[in-house]
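To be precise, the following lines are run28.cif, and they hold mmCIF, C-alpha atoms and all ligand atoms.
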data_work
loop_
_atom_site.label_atom_id
_atom_site.label_comp_id
_atom_site.auth_asym_id
_atom_site.auth_seq_id
_atom_site.Cartn_x
_atom_site.Cartn_y
_atom_site.Cartn_z
CA MET G 21 -21.15 6.48 15.40
CA SER G 22 -19.97 7.59 12.00
CA VAL G 23 -21.30 9.96 9.43
CA VAL G 24 -21.76 8.54 5.94
CA VAL G 25 -22.31 10.99 3.09
CA ARG G 26 -23.74 9.67 -0.16
CA ARG G 27 -24.53 11.20 -3.49
CA VAL G 28 -28.24 11.27 -4.35
CA GLY G 29 -30.41 12.22 -7.32
CA PRO G 30 -34.09 13.15 -7.79
CA GLU G 31 -35.14 9.68 -6.59
CA ALA G 32 -34.16 10.77 -3.07
CA ALA G 33 -36.37 13.89 -3.09
CA ALA G 34 -38.62 12.64 -0.28
CA GLU G 35 -35.67 11.89 2.02
CA VAL G 36 -34.03 15.22 1.26
CA LEU G 37 -37.32 17.06 1.81
CA ALA G 38 -37.75 15.41 5.23
CA VAL G 39 -34.27 16.60 6.30
CA VAL G 40 -34.86 20.09 4.87
CA ARG G 41 -38.15 20.42 6.77
CA GLU G 42 -36.64 19.30 10.06
CA ALA G 43 -33.53 21.42 9.67
CA PHE G 44 -35.12 24.63 8.40
CA GLY G 45 -38.36 24.29 10.38
CA ASP G 46 -36.38 24.46 13.59
CA ARG G 47 -34.78 27.82 12.82
CA SER G 48 -36.26 31.07 14.04
CA PRO G 49 -38.51 32.61 11.39
CA LEU G 50 -36.90 34.99 8.92
CA ASP G 51 -38.45 37.70 6.79
CA PRO G 52 -38.67 36.86 3.93
CA PRO G 53 -38.83 33.20 4.93
CA ALA G 54 -36.16 30.78 3.73
CA ASP G 55 -36.94 29.33 0.27
CA ALA G 56 -36.56 25.89 1.82
CA LEU G 57 -39.79 26.32 3.80
CA GLY G 58 -41.77 26.52 0.56
CA ASP G 59 -40.33 23.28 -0.79
CA ASP G 60 -42.29 20.17 -1.62
CA ALA G 61 -41.09 16.86 -3.06
CA ALA G 62 -41.54 18.14 -6.62
CA SER G 63 -39.47 21.30 -6.08
CA ILE G 64 -36.69 19.30 -4.39
CA ALA G 65 -36.72 16.75 -7.23
CA ARG G 66 -36.38 19.64 -9.70
CA LEU G 67 -33.41 21.03 -7.78
CA LEU G 68 -31.78 17.58 -7.69
CA ARG G 69 -32.20 16.98 -11.39
CA ARG G 70 -29.10 18.85 -12.56
CA ARG G 71 -26.28 17.45 -10.40
CA GLY G 72 -28.04 15.85 -7.50
CA GLY G 73 -27.12 16.43 -3.90
CA LEU G 74 -25.59 14.87 -0.83
CA LEU G 75 -27.35 13.11 2.00
CA ALA G 76 -25.57 12.58 5.32
CA GLU G 77 -26.62 9.62 7.45
CA VAL G 78 -25.82 8.64 11.02
CA ASP G 79 -26.62 5.02 11.82
CA GLY G 80 -28.44 4.79 8.51
CA ARG G 81 -30.76 7.70 9.32
CA PRO G 82 -30.71 10.78 7.05
CA VAL G 83 -29.73 13.80 9.17
CA GLY G 84 -28.12 16.25 6.77
CA CYS G 85 -28.42 17.34 3.17
CA VAL G 86 -27.28 19.76 0.52
CA VAL G 87 -28.30 20.30 -3.11
CA LEU G 88 -25.50 20.86 -5.65
CA ASP G 89 -26.33 23.49 -8.27
CA PRO G 90 -23.76 24.17 -11.00
CA ALA G 91 -23.23 27.78 -12.06
CA PRO G 92 -20.72 29.27 -14.51
CA ASP G 93 -18.58 30.54 -11.64
CA GLY G 94 -18.67 27.48 -9.41
CA LEU G 95 -20.81 24.91 -7.66
CA VAL G 96 -23.55 26.56 -5.58
CA LEU G 97 -24.73 24.84 -2.39
CA ARG G 98 -28.45 25.06 -1.69
CA ARG G 99 -30.71 23.69 1.06
CA PHE G 100 -27.72 22.98 3.32
CA GLY G 101 -29.12 21.68 6.59
CA VAL G 102 -28.63 19.32 9.53
CA THR G 103 -31.49 18.10 11.71
CA PRO G 104 -31.49 19.56 15.26
CA ASP G 105 -30.91 16.22 17.01
CA ALA G 106 -27.78 15.52 14.95
CA GLN G 107 -26.01 18.85 15.50
CA GLY G 108 -22.53 18.83 17.00
CA GLN G 109 -21.51 15.47 15.53
CA GLY G 110 -19.51 16.72 12.59
CA VAL G 111 -22.34 16.17 10.09
CA ALA G 112 -22.14 19.68 8.64
CA THR G 113 -18.37 19.48 8.27
CA ALA G 114 -18.62 16.10 6.54
CA LEU G 115 -21.17 17.58 4.12
CA VAL G 116 -18.93 20.57 3.33
CA GLU G 117 -15.94 18.33 2.62
CA ALA G 118 -18.02 16.03 0.41
CA ALA G 119 -19.37 19.07 -1.46
CA VAL G 120 -15.82 20.31 -2.06
CA GLU G 121 -14.92 16.86 -3.44
CA ALA G 122 -17.99 16.98 -5.69
CA ALA G 123 -16.83 20.37 -6.98
CA ALA G 124 -13.49 19.03 -8.25
CA GLY G 125 -12.58 20.78 -11.49
CA ARG G 126 -14.60 23.90 -10.65
CA SER G 127 -13.10 27.19 -9.55
CA ALA G 128 -15.18 27.62 -6.39
CA VAL G 129 -17.86 26.32 -4.07
CA ARG G 130 -20.38 29.06 -3.36
CA VAL G 131 -23.15 29.51 -0.84
CA LEU G 132 -25.63 32.17 0.24
CA ALA G 133 -26.16 32.75 3.97
CA ARG G 134 -28.75 34.96 5.64
CA GLU G 135 -27.29 38.13 7.15
CA GLU G 136 -29.61 37.73 10.16
CA LEU G 137 -27.74 34.52 11.05
CA PRO G 138 -24.17 35.57 11.91
CA GLY G 139 -23.49 32.09 13.32
CA THR G 140 -24.12 30.61 9.88
CA VAL G 141 -21.77 33.10 8.21
CA ALA G 142 -19.14 32.24 10.85
CA PHE G 143 -19.65 28.51 10.15
CA TRP G 144 -18.82 28.99 6.47
CA GLU G 145 -15.86 31.24 7.28
CA GLY G 146 -14.61 28.52 9.61
CA HIS G 147 -14.68 26.12 6.67
CA GLY G 148 -12.50 28.18 4.36
CA PHE G 149 -15.17 30.38 2.77
CA VAL G 150 -14.74 34.12 2.36
CA VAL G 151 -17.43 36.75 1.95
CA THR G 152 -17.54 37.82 -1.70
CA GLY G 153 -20.59 40.07 -1.64
CA ARG G 154 -23.70 41.18 0.19
CA SER G 155 -27.14 41.70 -1.22
CA SER G 156 -29.56 42.02 1.63
CA PRO G 157 -30.75 39.73 3.15
CA TYR G 158 -28.03 37.49 1.72
CA VAL G 159 -24.31 37.24 2.33
CA GLU G 160 -22.46 35.57 -0.57
CA LEU G 161 -19.54 33.35 0.30
CA ALA G 162 -17.06 31.31 -1.75
CA ARG G 163 -14.30 28.81 -1.13
CA TRP G 164 -11.79 28.90 -3.97
CA LEU G 165 -10.53 25.68 -5.48
CA GLY G 166 -7.50 25.03 -7.66
CA THR G 167 -8.14 23.97 -11.24
CA THR G 168 -4.56 23.21 -12.28
CA PHE G 169 -2.88 20.01 -11.12
CA ASP G 170 0.56 18.49 -11.51
CA ALA G 171 0.78 14.83 -12.52
CA PRO G 172 4.42 13.82 -12.12
CA ASP G 173 3.70 10.30 -13.34
CA ALA G 174 1.00 8.18 -14.99
CA GLU G 175 -0.29 6.87 -11.65
CA THR G 176 -0.99 10.42 -10.44
CA MET G 177 -2.73 11.14 -13.74
CA ARG G 178 -4.98 8.11 -13.21
CA GLY G 179 -5.66 9.21 -9.62
CA LEU G 180 -6.71 12.66 -10.80
CA GLY G 181 -9.02 11.09 -13.38
CA GLU G 182 -10.47 8.81 -10.72
CA ARG G 183 -11.23 11.68 -8.36
CA LEU G 184 -13.03 13.53 -11.16
CA GLY G 185 -14.79 10.39 -12.31
CA ARG G 186 -16.48 10.14 -8.93
CA THR G 187 -18.03 13.58 -9.47
CA LEU G 188 -19.52 12.96 -12.91
CA VAL G 189 -23.16 12.19 -13.61
CA ALA G 190 -25.19 10.92 -16.56
CA GLY G 191 -25.18 13.38 -19.45
CA ASP G 192 -21.77 14.85 -18.64
CA LEU G 193 -19.34 15.55 -21.45
CA VAL G 194 -15.57 15.62 -20.93
CA VAL G 195 -13.41 17.09 -23.72
CA LEU G 196 -9.72 16.16 -23.60
CA THR G 197 -7.01 18.20 -25.29
CA GLY G 198 -3.32 17.33 -25.46
CA GLU G 199 -0.75 16.17 -27.97
CA LEU G 200 -0.24 12.51 -28.86
CA GLY G 201 1.09 10.72 -25.78
CA ALA G 202 0.09 13.56 -23.43
CA GLY G 203 -1.92 11.21 -21.22
CA LYS G 204 -5.52 11.62 -22.40
CA THR G 205 -6.17 7.87 -22.43
CA THR G 206 -4.32 7.45 -19.12
CA PHE G 207 -6.58 10.13 -17.58
CA THR G 208 -9.63 8.36 -19.05
CA GLN G 209 -8.56 5.09 -17.39
CA GLY G 210 -8.82 6.93 -14.07
CA LEU G 211 -12.21 8.39 -15.00
CA GLY G 212 -13.43 4.86 -15.70
CA ALA G 213 -12.23 3.70 -12.29
CA GLY G 214 -13.92 6.64 -10.56
CA LEU G 215 -17.16 6.00 -12.45
CA ASP G 216 -16.92 2.30 -11.68
CA VAL G 217 -17.34 1.03 -15.23
CA ARG G 218 -15.94 -2.09 -16.83
CA GLY G 219 -12.23 -1.52 -17.38
CA GLY G 220 -9.92 -2.06 -20.27
CA VAL G 221 -9.89 1.62 -21.27
CA THR G 222 -7.40 1.85 -24.13
CA SER G 223 -6.98 4.23 -27.00
CA PRO G 224 -10.08 3.81 -29.19
CA THR G 225 -8.31 5.27 -32.22
CA PHE G 226 -9.34 2.51 -34.59
CA VAL G 227 -12.89 2.04 -33.38
CA ILE G 228 -13.78 5.73 -32.90
CA ALA G 229 -15.93 5.01 -29.84
CA ARG G 230 -16.19 2.35 -27.19
CA VAL G 231 -18.80 1.85 -24.47
CA HIS G 232 -17.69 0.78 -20.98
CA PRO G 233 -20.80 -0.43 -19.14
CA ALA G 234 -21.38 0.60 -15.53
CA LEU G 235 -20.64 -2.09 -12.94
CA GLY G 236 -23.07 -0.53 -10.44
CA ASP G 237 -25.96 1.93 -10.64
CA GLY G 238 -23.98 4.76 -12.23
CA PRO G 239 -23.76 5.85 -15.86
CA ASP G 240 -21.85 4.03 -18.61
CA LEU G 241 -18.68 5.59 -20.00
CA VAL G 242 -18.58 6.32 -23.73
CA HIS G 243 -14.96 6.84 -24.80
CA VAL G 244 -14.54 8.57 -28.15
CA ASP G 245 -11.41 9.33 -30.14
CA ALA G 246 -12.11 12.14 -32.58
CA TYR G 247 -8.59 12.16 -34.02
CA ARG G 248 -9.79 10.96 -37.41
CA LEU G 249 -13.26 12.46 -37.39
CA GLY G 250 -14.17 15.63 -39.20
CA GLY G 251 -17.18 16.22 -36.98
CA LEU G 252 -19.20 14.61 -34.24
CA ASP G 253 -22.69 15.52 -35.37
CA GLU G 254 -23.19 11.91 -36.33
CA LEU G 255 -22.07 10.52 -33.00
CA ASP G 256 -25.62 9.66 -32.06
CA ASP G 257 -25.82 7.55 -35.21
CA LEU G 258 -22.73 5.53 -34.41
CA ASP G 259 -24.95 2.74 -33.23
CA LEU G 260 -23.59 2.87 -29.70
CA ASP G 261 -25.11 0.62 -27.12
CA ALA G 262 -25.70 3.65 -24.91
CA SER G 263 -27.39 7.03 -25.17
CA LEU G 264 -25.33 10.09 -24.40
CA GLU G 265 -27.92 11.46 -21.95
CA ASP G 266 -27.59 8.32 -19.85
CA SER G 267 -23.79 8.11 -20.11
CA VAL G 268 -20.67 10.07 -19.37
CA THR G 269 -19.02 10.85 -22.72
CA VAL G 270 -15.27 11.45 -22.92
CA VAL G 271 -13.87 12.72 -26.21
CA GLU G 272 -10.15 12.74 -26.96
CA TRP G 273 -9.23 15.38 -29.54
CA GLY G 274 -12.76 16.74 -29.10
CA ALA G 275 -12.04 20.48 -28.82
CA GLY G 276 -13.87 22.32 -31.59
CA LEU G 277 -15.93 19.22 -32.42
CA ALA G 278 -17.71 17.86 -29.40
CA GLU G 279 -19.04 21.03 -27.75
CA GLY G 280 -22.51 20.65 -29.26
CA LEU G 281 -23.08 17.29 -27.64
CA ALA G 282 -24.09 18.68 -24.24
CA GLU G 283 -25.10 21.93 -22.55
CA SER G 284 -22.21 21.77 -20.13
CA ARG G 285 -18.81 20.20 -20.38
CA LEU G 286 -15.59 19.67 -18.50
CA GLU G 287 -12.60 20.77 -20.57
CA VAL G 288 -9.35 19.05 -19.67
CA VAL G 289 -6.08 20.32 -21.14
CA ILE G 290 -2.97 18.19 -20.59
CA GLU G 291 0.47 19.65 -21.25
CA ARG G 292 3.94 18.25 -20.82
CA SER G 293 5.57 20.30 -18.10
CA VAL G 294 8.59 21.96 -19.57
CA GLY G 295 11.88 22.70 -17.86
CA ASP G 296 13.71 21.14 -15.10
CA HIS G 297 12.95 17.46 -14.94
CA PRO G 298 15.26 14.53 -15.41
CA GLY G 299 14.94 12.95 -18.81
CA GLY G 300 17.20 11.39 -21.38
CA ALA G 301 18.23 7.79 -21.11
CA ASP G 302 16.81 7.12 -17.64
CA GLU G 303 13.60 5.14 -18.21
CA GLU G 304 12.49 5.64 -14.62
CA ALA G 305 12.71 9.40 -14.98
CA LEU G 306 9.59 11.39 -14.24
CA ASP G 307 7.74 12.74 -17.22
CA PRO G 308 5.46 15.28 -15.57
CA ARG G 309 2.28 16.73 -17.00
CA ARG G 310 0.20 19.71 -16.06
CA VAL G 311 -3.59 19.29 -16.15
CA SER G 312 -5.92 22.29 -16.38
CA LEU G 313 -9.63 21.86 -15.79
CA ARG G 314 -12.48 24.14 -16.76
CA TRP G 315 -16.19 23.53 -16.43
CA VAL G 316 -18.26 25.32 -19.03
CA VAL G 317 -21.82 25.48 -17.74
CA GLY G 318 -24.76 26.27 -20.01
CA GLN G 319 -28.15 27.33 -18.75
N1 LIG G 401 2.88 12.18 -15.90
C1 LIG G 401 2.28 11.36 -16.79
N2 LIG G 401 0.97 11.48 -17.04
C2 LIG G 401 0.37 10.67 -17.94
N3 LIG G 401 0.99 9.71 -18.66
C3 LIG G 401 2.32 9.56 -18.46
C4 LIG G 401 3.00 10.35 -17.51
N4 LIG G 401 4.29 9.98 -17.51
C5 LIG G 401 4.38 8.99 -18.41
N5 LIG G 401 3.20 8.72 -18.98
C6 LIG G 401 2.99 7.72 -20.05
O1 LIG G 401 2.70 8.43 -21.25
C7 LIG G 401 1.79 7.69 -22.05
C8 LIG G 401 0.56 8.51 -22.31
O2 LIG G 401 -0.19 7.85 -23.29
P1 LIG G 401 -1.75 8.08 -23.52
O3 LIG G 401 -2.45 8.22 -22.21
O4 LIG G 401 -2.20 7.02 -24.44
O5 LIG G 401 -1.72 9.52 -24.26
P2 LIG G 401 -2.78 10.13 -25.27
O6 LIG G 401 -4.07 9.41 -25.10
O7 LIG G 401 -2.86 11.58 -24.86
O8 LIG G 401 -2.21 10.00 -26.63
C9 LIG G 401 1.47 6.42 -21.27
O9 LIG G 401 2.32 5.40 -21.72
C10 LIG G 401 1.81 6.80 -19.84
O10 LIG G 401 2.17 5.68 -19.05
MG MG G 402 -5.34 8.41 -26.52
#

Write the structure described by the file as structure tokens, please.
Amino acid sequence: MSVVVRRVGPEAAAEVLAVVREAFGDRSPLDPPADALGDDAASIARLLRRRGGLLAEVDGRPVGCVVLDPAPDGLVLRRFGVTPDAQGQGVATALVEAAVEAAAGRSAVRVLAREELPGTVAFWEGHGFVVTGRSSPYVELARWLGTTFDAPDAETMRGLGERLGRTLVAGDLVVLTGELGAGKTTFTQGLGAGLDVRGGVTSPTFVIARVHPALGDGPDLVHVDAYRLGGLDELDDLDLDASLEDSVTVVEWGAGLAEGLAESRLEVVIERSVGDHPGGADEEALDPRRVSLRWVVGQ
């Protein structure tokens, strides 16, 4: 028996609601009651609209869920629950690890636990969370994540892009900063792989923007090179075969230009690591980069 965790959006509201009701309905009543007990399909769909959630299944049956809610200081987990019959099978742990993956590029994963439920607080502490505050009846916890990564070679850079690509959803904007040859296009190749779009990501310098259609159900990738643009206000008029709300948009050289395109964005800064690495005539020598990530989340 294995636990499968999949990413879901508002279309899965009914399934998520069923898990929430089973999981939260089984707990002893709290005062005030858990928000989850007041949920209906519409409220769950609303919660899922921003970044979706995760549904855990055992033998194809939904048994666990969590809603992912982006905040300026990290990804907040809401409606985290496992149905009573599926407890003790590692479902909760699988959900936590998938949520941490989904938070890649953010500084923390955060959660609120009820102070009346010390077992719940202990669960989060057992999964690397620390208590960051208390405001009765809630205990605030966070698990800190790194936002700076070393990419010793191009393959690692692609791998980092791929991991992030798996976390992106329609409407997301990624702004890439780094000198010529830093690895912005290489990173974007990885993003394309993680998003599962048609490949062939190359520098779009001479076409300004290129659309890579999704191979599955996910969003298309719109790859923009702003190197020669004075502004991106007209991007929507570029006659792209994709709308930005339905796509993931990646803009090289976009800092200071692309910010207005979306409420939230992932800023990626790529720098050549300086100092002690072999260089010179050896073509096999590592040419490491440092990648810093920052999510800027609007309301
Ligand atoms: N650690 C590394 N990270 C990314 N690219 C690297 C690295 N080491 C070498 N490279 C090479 O550097 C070049 C980066 O080019 P590219 O991704 O087009 O940069 P940019 O789009 O920022 O101008 C590629 O040829 C890539 O193979
Ligand atoms: Mg490039």

Protein and nucleic residues near ligand LIG 401 (chain G), 9 Å, all atoms listed in the file, as a VMD selection string: chain G and resid 170 to 178 196 to 209 222 to 223 245 272 to 273 290 292 to 293 305 to 310

Computed interatomic separation between atom CA of Leu193 of chain G and atom CA of Pro92 of chain G (Å):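 Taking atom CA of Leu193 of chain G and atom CA of Pro92 of chain G, their separation equals 15.4 Å.
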
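Minimum atom-to-atom distance to Ala278 of chain G, evaluated using only C-alpha atoms, belongs to G:Val194 out of G:Val194, G:Val189, G:Leu165, G:Ala229.
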
Which of these, G:Gly110, G:Gly238, G:Pro49, G:Gly58, has the shortest distance to Ala76 of chain G once you count all atoms listed in the file?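 Of G:Gly110, G:Gly238, G:Pro49, G:Gly58, the one nearest Ala76 of chain G is G:Gly110, counting all atoms listed in the file.
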
Between G:Val151, G:Leu74, G:Val270, G:Val217, which is the closest to ligand MG 402 (chain G) once you count all atoms listed in the file? G:Val270

May I ask which of the residues G:Leu215, G:Arg183, G:Val316, G:Gly274 is the closest one to ligand MG 402 (chain G), counting only C-alpha atoms and all ligand atoms? G:Gly274

Could you tell me which of G:Ala119, G:Leu281, G:Ala114, G:Leu161 comes closest to Val131 of chain G if we count all atoms listed in the file? G:Leu161

Can you list, as a list in words, every protein, DNA or RNA residue that comes within 10 Å of Ser156 of chain G when you count all atoms listed in the file, leaving out same-chain residues fewer than 2 positions away?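 Residues meeting the cut-off are Arg134, Glu135, Glu136, Gly153, Arg154, Tyr158, Val159 and Glu160 of chain G.
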
Calculate how many Å separate atom CA of Glu291 of chain G from atom CA of Val311 of chain G, rounding to one decimal.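 Spanning atom CA of Glu291 of chain G to atom CA of Val311 of chain G is a straight-line distance of 6.5 Å.
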
From G:Tyr247, G:Leu313, G:Val289, G:Leu211, residue lying nearest ligand MG 402 (chain G) [only C-alpha atoms and all ligand atoms]: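 Smallest distance to ligand MG 402 (chain G) is found for G:Tyr247.
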
The distance between atom CA of Leu137 of chain G and atom CA of Ala162 of chain G is 17.0 Å

If the box runs along x, y and z of the file and leaves 4 Å on each side of segment 148-153 of chain G, what are its centre and edge lengths in Å, one decimal, as AutoDock Vina command-line options?
--center_x -16.5 --center_y 34.1 --center_z 1.3 --size_x 16.1 --size_y 19.9 --size_z 14.1

Residues within 10 Å of Glu121 of chain G, only C-alpha atoms, excluding chain neighbours under 4 positions, as a list of chain:residue names: G:Leu115, G:Val116, G:Glu117, G:Gly125, G:Val129, G:Arg183, G:Leu184, G:Arg186, G:Thr187

Got time to write the residues from that selection, C-alpha atoms, as a PDB file, in the frame of the given file?
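Dumped to again-v9.pdb:
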ATOM      1  CA  LEU G 115     -21.170  17.580   4.120  1.00  0.00           C
ATOM      2  CA  VAL G 116     -18.930  20.570   3.330  1.00  0.00           C
ATOM      3  CA  GLU G 117     -15.940  18.330   2.620  1.00  0.00           C
ATOM      4  CA  GLY G 125     -12.580  20.780 -11.490  1.00  0.00           C
ATOM      5  CA  VAL G 129     -17.860  26.320  -4.070  1.00  0.00           C
ATOM      6  CA  ARG G 183     -11.230  11.680  -8.360  1.00  0.00           C
ATOM      7  CA  LEU G 184     -13.030  13.530 -11.160  1.00  0.00           C
ATOM      8  CA  ARG G 186     -16.480  10.140  -8.930  1.00  0.00           C
ATOM      9  CA  THR G 187     -18.030  13.580  -9.470  1.00  0.00           C
TER      10      THR G 187
END

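For the point (-31.6, 13.6, -0.4) in file coordinates, the residues within 9 Å, using only C-alpha atoms, are G:Arg26, G:Arg27, G:Val28, G:Gly29, G:Pro30, G:Glu31, G:Ala32, G:Ala33, G:Ala34, G:Glu35, G:Val36, G:Leu37, G:Ala38, G:Val39, G:Val40, G:Ile64, G:Leu68, G:Gly72, G:Gly73, G:Leu74, G:Leu75, G:Ala76, G:Pro82, G:Gly84, G:Cys85, G:Val86, G:Val87.
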
Please provide the set of residues having any atom within 7 Å of Val231 of chain G, restricted to all atoms listed in the file, with same-chain residues fewer than 2 positions apart removed, written as a ChimeraX atom specification. /G:229,233,240-243,261

Residues as selected, C-alpha atoms, written as a PDB file, keeping the file's coordinate frame, can you do that?
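File written: result.pdb
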ATOM      1  CA  ALA G 229     -15.930   5.010 -29.840  1.00  0.00           C
ATOM      2  CA  PRO G 233     -20.800  -0.430 -19.140  1.00  0.00           C
ATOM      3  CA  ASP G 240     -21.850   4.030 -18.610  1.00  0.00           C
ATOM      4  CA  LEU G 241     -18.680   5.590 -20.000  1.00  0.00           C
ATOM      5  CA  VAL G 242     -18.580   6.320 -23.730  1.00  0.00           C
ATOM      6  CA  HIS G 243     -14.960   6.840 -24.800  1.00  0.00           C
ATOM      7  CA  ASP G 261     -25.110   0.620 -27.120  1.00  0.00           C
TER       8      ASP G 261
END

With N, CA, C and O atoms retained, output segment 163-181 of chain G as a PDB file, in the first residue's frame.
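Saved the output as decode28.pdb:
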ATOM      1  N   ARG G 163       8.635  25.997   9.577  1.00  0.00           N
ATOM      2  CA  ARG G 163       9.835  25.241   9.196  1.00  0.00           C
ATOM      3  C   ARG G 163      10.575  26.083   8.175  1.00  0.00           C
ATOM      4  O   ARG G 163      10.016  26.436   7.130  1.00  0.00           O
ATOM      5  N   TRP G 164      11.811  26.443   8.497  1.00  0.00           N
ATOM      6  CA  TRP G 164      12.570  27.361   7.651  1.00  0.00           C
ATOM      7  C   TRP G 164      13.160  26.608   6.474  1.00  0.00           C
ATOM      8  O   TRP G 164      13.628  25.478   6.604  1.00  0.00           O
ATOM      9  N   LEU G 165      13.159  27.284   5.328  1.00  0.00           N
ATOM     10  CA  LEU G 165      13.716  26.682   4.119  1.00  0.00           C
ATOM     11  C   LEU G 165      14.805  27.591   3.569  1.00  0.00           C
ATOM     12  O   LEU G 165      14.713  28.820   3.681  1.00  0.00           O
ATOM     13  N   GLY G 166      15.808  26.998   2.948  1.00  0.00           N
ATOM     14  CA  GLY G 166      16.857  27.793   2.314  1.00  0.00           C
ATOM     15  C   GLY G 166      16.350  28.406   1.022  1.00  0.00           C
ATOM     16  O   GLY G 166      15.517  27.820   0.320  1.00  0.00           O
ATOM     17  N   THR G 167      16.840  29.598   0.701  1.00  0.00           N
ATOM     18  CA  THR G 167      16.443  30.236  -0.552  1.00  0.00           C
ATOM     19  C   THR G 167      17.662  30.543  -1.423  1.00  0.00           C
ATOM     20  O   THR G 167      17.539  31.208  -2.443  1.00  0.00           O
ATOM     21  N   THR G 168      18.833  30.088  -1.011  1.00  0.00           N
ATOM     22  CA  THR G 168      20.033  30.271  -1.815  1.00  0.00           C
ATOM     23  C   THR G 168      20.610  28.895  -2.129  1.00  0.00           C
ATOM     24  O   THR G 168      20.742  28.050  -1.236  1.00  0.00           O
ATOM     25  N   PHE G 169      20.917  28.680  -3.408  1.00  0.00           N
ATOM     26  CA  PHE G 169      21.365  27.361  -3.848  1.00  0.00           C
ATOM     27  C   PHE G 169      22.630  27.494  -4.679  1.00  0.00           C
ATOM     28  O   PHE G 169      22.799  28.457  -5.414  1.00  0.00           O
ATOM     29  N   ASP G 170      23.503  26.498  -4.561  1.00  0.00           N
ATOM     30  CA  ASP G 170      24.701  26.459  -5.387  1.00  0.00           C
ATOM     31  C   ASP G 170      24.438  25.571  -6.587  1.00  0.00           C
ATOM     32  O   ASP G 170      23.903  24.469  -6.458  1.00  0.00           O
ATOM     33  N   ALA G 171      24.817  26.055  -7.765  1.00  0.00           N
ATOM     34  CA  ALA G 171      24.729  25.249  -8.986  1.00  0.00           C
ATOM     35  C   ALA G 171      26.136  25.140  -9.562  1.00  0.00           C
ATOM     36  O   ALA G 171      26.583  26.012 -10.302  1.00  0.00           O
ATOM     37  N   PRO G 172      26.859  24.077  -9.202  1.00  0.00           N
ATOM     38  CA  PRO G 172      28.241  23.950  -9.656  1.00  0.00           C
ATOM     39  C   PRO G 172      28.355  23.766 -11.170  1.00  0.00           C
ATOM     40  O   PRO G 172      29.385  24.086 -11.750  1.00  0.00           O
ATOM     41  N   ASP G 173      27.305  23.277 -11.797  1.00  0.00           N
ATOM     42  CA  ASP G 173      27.364  23.094 -13.250  1.00  0.00           C
ATOM     43  C   ASP G 173      25.972  23.300 -13.854  1.00  0.00           C
ATOM     44  O   ASP G 173      24.980  23.466 -13.143  1.00  0.00           O
ATOM     45  N   ALA G 174      25.913  23.286 -15.186  1.00  0.00           N
ATOM     46  CA  ALA G 174      24.663  23.584 -15.889  1.00  0.00           C
ATOM     47  C   ALA G 174      23.572  22.558 -15.568  1.00  0.00           C
ATOM     48  O   ALA G 174      22.386  22.891 -15.499  1.00  0.00           O
ATOM     49  N   GLU G 175      23.983  21.299 -15.379  1.00  0.00           N
ATOM     50  CA  GLU G 175      23.010  20.247 -15.087  1.00  0.00           C
ATOM     51  C   GLU G 175      22.306  20.524 -13.760  1.00  0.00           C
ATOM     52  O   GLU G 175      21.088  20.342 -13.627  1.00  0.00           O
ATOM     53  N   THR G 176      23.069  20.948 -12.759  1.00  0.00           N
ATOM     54  CA  THR G 176      22.471  21.281 -11.456  1.00  0.00           C
ATOM     55  C   THR G 176      21.533  22.472 -11.601  1.00  0.00           C
ATOM     56  O   THR G 176      20.471  22.526 -10.974  1.00  0.00           O
ATOM     57  N   MET G 177      21.935  23.421 -12.433  1.00  0.00           N
ATOM     58  CA  MET G 177      21.074  24.595 -12.675  1.00  0.00           C
ATOM     59  C   MET G 177      19.747  24.153 -13.287  1.00  0.00           C
ATOM     60  O   MET G 177      18.681  24.607 -12.874  1.00  0.00           O
ATOM     61  N   ARG G 178      19.810  23.239 -14.259  1.00  0.00           N
ATOM     62  CA  ARG G 178      18.568  22.736 -14.861  1.00  0.00           C
ATOM     63  C   ARG G 178      17.723  22.002 -13.822  1.00  0.00           C
ATOM     64  O   ARG G 178      16.507  22.138 -13.780  1.00  0.00           O
ATOM     65  N   GLY G 179      18.397  21.210 -12.969  1.00  0.00           N
ATOM     66  CA  GLY G 179      17.679  20.453 -11.932  1.00  0.00           C
ATOM     67  C   GLY G 179      16.952  21.377 -10.956  1.00  0.00           C
ATOM     68  O   GLY G 179      15.821  21.109 -10.547  1.00  0.00           O
ATOM     69  N   LEU G 180      17.605  22.477 -10.618  1.00  0.00           N
ATOM     70  CA  LEU G 180      16.981  23.450  -9.713  1.00  0.00           C
ATOM     71  C   LEU G 180      15.761  24.069 -10.386  1.00  0.00           C
ATOM     72  O   LEU G 180      14.682  24.197  -9.782  1.00  0.00           O
ATOM     73  N   GLY G 181      15.915  24.425 -11.672  1.00  0.00           N
ATOM     74  CA  GLY G 181      14.785  24.971 -12.419  1.00  0.00           C
ATOM     75  C   GLY G 181      13.645  23.971 -12.499  1.00  0.00           C
ATOM     76  O   GLY G 181      12.472  24.328 -12.345  1.00  0.00           O
TER      77      GLY G 181
END
